[in-house]
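Q: Below is input_9.tsv; it holds TSV, C-alpha atoms.
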```
chain	number	residue	atom	x	y	z
A	21	MET	CA	90.08	7.04	17.05
A	22	ASN	CA	88.48	4.02	18.66
A	23	ASP	CA	88.61	5.69	22.07
A	24	VAL	CA	86.87	8.75	20.64
A	25	ASP	CA	84.18	6.63	19.05
A	26	GLU	CA	83.59	4.85	22.29
A	27	GLU	CA	83.25	8.13	24.19
A	28	VAL	CA	80.78	9.44	21.65
A	29	ARG	CA	78.65	6.29	21.94
A	30	GLU	CA	78.68	6.52	25.73
A	31	LEU	CA	77.63	10.17	25.60
A	32	LEU	CA	74.74	9.30	23.28
A	33	ARG	CA	73.57	6.53	25.62
A	34	VAL	CA	73.59	8.94	28.58
A	35	LYS	CA	71.67	11.60	26.66
A	36	ALA	CA	69.15	9.00	25.48
A	37	GLN	CA	68.39	8.11	29.08
A	38	ASP	CA	67.62	11.77	29.80
A	39	ILE	CA	64.85	11.83	27.14
A	40	PRO	CA	61.40	11.19	28.79
A	41	PRO	CA	59.53	8.11	27.51
A	42	THR	CA	56.43	10.21	26.59
A	43	LEU	CA	56.04	13.70	25.38
A	44	ASP	CA	53.64	16.16	27.00
A	45	VAL	CA	50.86	17.21	24.58
A	46	PRO	CA	50.29	20.96	24.58
A	47	ARG	CA	47.09	21.98	26.43
A	48	SER	CA	45.77	23.92	23.42
A	49	LEU	CA	46.10	20.83	21.22
A	50	THR	CA	44.32	18.67	23.83
A	51	THR	CA	41.45	21.19	24.02
A	52	ARG	CA	41.04	21.22	20.23
A	53	VAL	CA	41.01	17.41	20.07
A	54	ARG	CA	38.42	17.14	22.83
A	55	ARG	CA	36.23	19.77	21.16
A	56	ARG	CA	36.44	17.93	17.82
A	57	ILE	CA	35.51	14.62	19.48
A	58	ALA	CA	32.52	16.27	21.22
A	59	LEU	CA	31.32	17.87	17.96
A	60	ASN	CA	31.62	14.56	16.10
A	61	ALA	CA	29.65	12.76	18.84
A	62	LEU	CA	26.95	15.46	18.73
A	63	ALA	CA	26.69	15.17	14.96
A	64	VAL	CA	26.34	11.39	15.16
A	65	THR	CA	23.65	11.71	17.87
A	66	ALA	CA	21.72	14.28	15.83
A	67	THR	CA	21.86	12.01	12.78
A	68	VAL	CA	20.53	9.07	14.77
A	69	VAL	CA	17.68	11.21	16.16
A	70	VAL	CA	16.72	12.46	12.69
A	71	VAL	CA	16.76	8.96	11.23
A	72	ALA	CA	14.72	7.60	14.14
A	73	ALA	CA	12.21	10.46	13.88
A	74	GLY	CA	11.83	9.87	10.15
A	75	ALA	CA	11.28	6.16	10.68
A	76	PHE	CA	8.70	6.84	13.40
A	77	GLY	CA	6.90	9.36	11.21
A	78	THR	CA	6.78	6.86	8.35
A	79	LEU	CA	5.42	4.13	10.60
A	80	ARG	CA	2.81	6.49	12.09
A	81	ALA	CA	1.68	7.64	8.63
A	82	PHE	CA	1.45	4.01	7.49
A	83	HIS	CA	-0.55	3.10	10.59
A	84	SER	CA	-2.83	6.10	10.05
A	85	ARG	CA	-3.48	5.11	6.44
A	86	SER	CA	-4.07	1.51	7.46
A	87	SER	CA	-6.47	2.57	10.22
A	88	GLN	CA	-8.30	4.91	7.89
A	89	THR	CA	-8.67	2.17	5.31
A	90	ALA	CA	-9.88	-0.27	7.97
A	91	HIS	CA	-12.47	2.22	9.28
A	92	THR	CA	-13.56	3.57	5.90
A	93	GLY	CA	-13.83	0.43	3.76
A	94	THR	CA	-15.72	0.36	0.46
A	95	PRO	CA	-18.55	2.94	0.34
A	96	CYS	CA	-22.01	1.50	-0.12
A	97	THR	CA	-23.80	2.31	-3.36
A	98	SER	CA	-27.49	2.27	-4.21
A	99	ALA	CA	-26.90	-1.17	-5.76
A	100	HIS	CA	-25.91	-2.53	-2.34
A	101	LEU	CA	-28.99	-1.44	-0.44
A	102	ARG	CA	-32.69	-2.01	0.16
A	103	ALA	CA	-34.57	0.75	2.04
A	104	VAL	CA	-37.70	0.23	4.14
A	105	VAL	CA	-39.40	2.89	6.27
A	106	SER	CA	-41.25	2.24	9.50
A	107	MET	CA	-43.12	5.14	11.13
A	108	GLU	CA	-45.81	5.57	13.78
A	109	GLY	CA	-48.06	8.45	14.81
A	110	ALA	CA	-46.47	11.07	17.10
A	111	ALA	CA	-48.39	14.28	18.03
A	112	GLY	CA	-49.69	15.18	14.58
A	113	SER	CA	-46.66	13.74	12.77
A	114	ARG	CA	-45.12	10.39	11.89
A	115	GLU	CA	-41.83	9.26	13.42
A	116	GLY	CA	-39.59	6.22	12.95
A	117	THR	CA	-36.63	5.04	10.90
A	118	ILE	CA	-35.55	4.28	7.38
A	119	ASP	CA	-33.68	0.98	7.56
A	120	LEU	CA	-31.12	0.24	4.84
A	121	THR	CA	-30.10	-3.40	4.49
A	122	ASN	CA	-26.93	-4.44	2.68
A	123	THR	CA	-27.89	-7.01	0.03
A	124	SER	CA	-24.39	-7.27	-1.46
A	125	GLY	CA	-20.76	-7.30	-0.32
A	126	ALA	CA	-19.35	-5.53	2.75
A	127	CYS	CA	-19.49	-1.73	2.55
A	128	THR	CA	-19.76	1.40	4.69
A	129	LEU	CA	-22.10	4.37	5.09
A	130	LYS	CA	-21.28	7.79	6.48
A	131	GLY	CA	-23.06	11.13	6.76
A	132	THR	CA	-26.70	12.16	6.42
A	133	PRO	CA	-28.76	11.09	3.41
A	134	THR	CA	-31.27	13.22	1.57
A	135	VAL	CA	-34.83	12.30	0.65
A	136	LYS	CA	-36.74	13.18	-2.49
A	137	LEU	CA	-40.55	13.09	-2.65
A	138	LEU	CA	-42.31	12.05	-5.87
A	139	ASP	CA	-45.88	12.80	-6.97
A	140	GLN	CA	-48.24	10.27	-8.53
A	141	GLN	CA	-46.53	10.68	-11.92
A	142	GLY	CA	-43.08	10.13	-10.44
A	143	THR	CA	-42.12	13.81	-10.72
A	144	PRO	CA	-40.03	15.25	-7.87
A	145	ILE	CA	-41.95	17.53	-5.52
A	146	VAL	CA	-39.74	20.60	-5.11
A	147	SER	CA	-42.06	23.09	-3.42
A	148	SER	CA	-43.75	23.25	-0.01
A	149	VAL	CA	-41.34	20.67	1.46
A	150	THR	CA	-38.53	21.49	3.89
A	151	PHE	CA	-35.82	19.26	5.30
A	152	GLU	CA	-34.08	19.53	8.67
A	153	SER	CA	-31.20	17.65	10.30
A	154	VAL	CA	-31.65	15.99	13.68
A	155	PRO	CA	-29.28	14.05	15.99
A	156	PRO	CA	-28.92	10.26	15.63
A	157	GLY	CA	-31.20	8.00	17.63
A	158	TRP	CA	-28.44	6.69	19.90
A	159	GLN	CA	-27.65	10.25	21.00
A	160	VAL	CA	-31.29	11.10	21.68
A	161	ALA	CA	-31.62	7.92	23.74
A	162	GLY	CA	-28.49	8.76	25.77
A	163	SER	CA	-26.71	5.60	24.61
A	164	PRO	CA	-22.93	5.29	24.13
A	165	GLN	CA	-21.55	6.27	20.75
A	166	PRO	CA	-21.40	3.18	18.49
A	167	PRO	CA	-17.88	1.90	17.73
A	168	GLY	CA	-16.47	3.46	14.57
A	169	TRP	CA	-19.26	6.03	14.23
A	170	PRO	CA	-19.86	8.18	12.15
A	171	VAL	CA	-18.76	5.37	9.81
A	172	VAL	CA	-21.26	2.51	9.78
A	173	SER	CA	-19.75	-0.76	8.53
A	174	LEU	CA	-22.20	-3.22	6.99
A	175	ALA	CA	-21.51	-6.88	6.42
A	176	PRO	CA	-23.89	-8.65	4.04
A	177	GLU	CA	-27.45	-8.60	5.48
A	178	ASP	CA	-26.51	-6.00	8.12
A	179	SER	CA	-28.62	-2.86	8.37
A	180	ALA	CA	-28.13	0.82	9.08
A	181	SER	CA	-30.86	3.18	10.25
A	182	VAL	CA	-31.75	6.81	9.64
A	183	ARG	CA	-33.95	8.57	12.15
A	184	VAL	CA	-36.91	10.27	10.42
A	185	ARG	CA	-39.87	12.44	11.38
A	186	TRP	CA	-42.49	13.69	8.88
A	187	SER	CA	-45.10	16.29	9.65
A	188	ASN	CA	-47.88	18.19	7.82
A	189	TRP	CA	-48.72	16.57	4.52
A	190	CYS	CA	-51.47	18.40	2.62
A	191	GLY	CA	-50.62	17.12	-0.84
A	192	ASP	CA	-52.64	14.79	-3.01
A	193	GLY	CA	-52.37	11.08	-2.30
A	194	THR	CA	-49.30	9.31	-0.94
A	195	PRO	CA	-45.98	10.50	-2.36
A	196	GLY	CA	-43.16	8.16	-3.21
A	197	TRP	CA	-39.81	8.47	-1.46
A	198	LEU	CA	-36.26	8.14	-2.73
A	199	VAL	CA	-33.33	8.14	-0.34
A	200	ALA	CA	-30.04	9.37	-1.79
A	201	ILE	CA	-26.87	7.54	-0.79
A	202	PRO	CA	-24.06	10.15	-0.51
A	203	GLY	CA	-22.20	10.18	-3.79
A	204	SER	CA	-23.78	7.02	-5.17
A	205	GLY	CA	-27.33	6.99	-6.44
A	206	GLU	CA	-30.82	6.71	-4.97
A	207	VAL	CA	-32.87	3.88	-3.48
A	208	ASP	CA	-36.66	3.53	-3.57
A	209	VAL	CA	-38.05	3.58	-0.04
A	210	GLU	CA	-40.52	0.79	0.59
A	211	GLY	CA	-43.31	1.03	3.17
A	212	ILE	CA	-44.71	4.47	2.37
A	213	ASP	CA	-48.51	4.14	2.49
A	214	ALA	CA	-51.56	5.80	3.99
A	215	THR	CA	-50.53	4.80	7.52
A	216	THR	CA	-47.18	6.57	7.26
A	217	VAL	CA	-48.56	9.85	5.86
A	218	PRO	CA	-48.99	12.57	8.54
A	219	PRO	CA	-52.17	14.65	8.80
A	220	CYS	CA	-52.51	18.08	7.22
A	221	ASN	CA	-51.88	20.66	9.94
A	222	GLY	CA	-52.14	23.71	7.69
A	223	ARG	CA	-52.02	24.23	3.93
A	224	ASP	CA	-50.11	27.46	4.40
A	225	LEU	CA	-47.34	25.53	6.20
A	226	PRO	CA	-44.65	23.43	4.51
A	227	SER	CA	-44.40	19.70	4.88
A	228	THR	CA	-41.34	19.03	7.05
A	229	ILE	CA	-39.07	15.99	6.98
A	230	GLU	CA	-36.41	15.64	9.68
A	231	LEU	CA	-33.52	13.27	9.02
A	232	GLY	CA	-30.66	11.98	11.16
A	233	PRO	CA	-27.30	10.55	10.05
A	234	PHE	CA	-26.62	6.91	9.30
A	235	GLU	CA	-26.21	4.82	12.43
A	236	PRO	CA	-26.13	1.09	13.24
A	237	HIS	CA	-29.56	-0.51	13.24
A	238	GLN	CA	-30.90	-1.23	16.71
A	239	GLY	CA	-33.14	-4.23	16.63
```
Starting from the file, lay out its structure as structure tokens.
A:
Amino acid sequence: MNDVDEEVRELLRVKAQDIPPTLDVPRSLTTRVRRRIALNALAVTATVVVVAAGAFGTLRAFHSRSSQTAHTGTPCTSAHLRAVVSMEGAAGSREGTIDLTNTSGACTLKGTPTVKLLDQQGTPIVSSVTFESVPPGWQVAGSPQPPGWPVVSLAPEDSASVRVRWSNWCGDGTPGWLVAIPGSGEVDVEGIDATTVPPCNGRDLPSTIELGPFEPHQG
């Protein structure tokens, strides 16, 4: 029996040596594994791209809001401002600027104001007066666009200007002027007197006031 056992053991040792140390992986299995690895890598890459794009979009939106806040600031109100007009004769009309000085904290102006004329009793004059928009003074002069325009940022004591031209006044006396700050009240315009009133060029023609947008004061 011992001899038989020994022969069996020897046979097993011989057969064990015939077994290769590694097994060949079937080609179909290798292909499936490689495809799965590639798909997983693609999924990870796509996830990273989406996350990065989302982070970039968030940062860009935050920067945009921050820039908008920096450029917009606190809008000026009528309580912030003092308005003074300065006009000279120009071919049958009067031309100059309305200068608005900030008498309070930092604020901003944007857009084109409106003007209201008042009679001697302080009643608004609503007939025989027309208003027209004109380009800002810097554009007419061929100067570079001011930084930040059309927003005009005013520190305390800084001024903004509005280009103005007034022609054909055939009414009684010298009317008062109010300049309306967009969305925030009206300011009495100082400086309107006999020297700023244009001549009457025809009673059948309207009185015309041309106004430009807010722009930094040049002076």
Q: Which is closest to A:Pro166 among A:Thr117, A:His237, A:Pro95, A:Val207, if we use all atoms listed in the file?
A: A:His237
Q: What is the distance, in Å and to one decimal place, between atom CA of A:Thr228 and atom CA of A:Pro202?
A: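 Calculated distance between atom CA of A:Thr228 and atom CA of A:Pro202 is 20.8 Å.
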Q: Distance cut-off 12 Å, centre (-46.3, 20.4, 6.2) in file coordinates, counting only C-alpha atoms: which residues qualify? Return them as a tab-separated table (two decimals) with C-alpha atoms, in the frame of the given file.
A:
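Okay, this is what ended up in out-v7.tsv:
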```
chain	number	residue	atom	x	y	z
A	112	GLY	CA	-49.69	15.18	14.58
A	113	SER	CA	-46.66	13.74	12.77
A	114	ARG	CA	-45.12	10.39	11.89
A	147	SER	CA	-42.06	23.09	-3.42
A	148	SER	CA	-43.75	23.25	-0.01
A	149	VAL	CA	-41.34	20.67	1.46
A	150	THR	CA	-38.53	21.49	3.89
A	151	PHE	CA	-35.82	19.26	5.30
A	185	ARG	CA	-39.87	12.44	11.38
A	186	TRP	CA	-42.49	13.69	8.88
A	187	SER	CA	-45.10	16.29	9.65
A	188	ASN	CA	-47.88	18.19	7.82
A	189	TRP	CA	-48.72	16.57	4.52
A	190	CYS	CA	-51.47	18.40	2.62
A	191	GLY	CA	-50.62	17.12	-0.84
A	217	VAL	CA	-48.56	9.85	5.86
A	218	PRO	CA	-48.99	12.57	8.54
A	219	PRO	CA	-52.17	14.65	8.80
A	220	CYS	CA	-52.51	18.08	7.22
A	221	ASN	CA	-51.88	20.66	9.94
A	222	GLY	CA	-52.14	23.71	7.69
A	223	ARG	CA	-52.02	24.23	3.93
A	224	ASP	CA	-50.11	27.46	4.40
A	225	LEU	CA	-47.34	25.53	6.20
A	226	PRO	CA	-44.65	23.43	4.51
A	227	SER	CA	-44.40	19.70	4.88
A	228	THR	CA	-41.34	19.03	7.05
A	229	ILE	CA	-39.07	15.99	6.98
A	230	GLU	CA	-36.41	15.64	9.68
```
Q: Do you have the atom CA of A:Leu120-atom CA of A:Pro144 distance handy?
A: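 We find that atom CA of A:Leu120 and atom CA of A:Pro144 lie 21.6 Å from each other.
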Q: What is the distance between atom CA of A:Gly162 and atom CA of A:Pro236, in Å to one decimal?
A: 14.9 Å
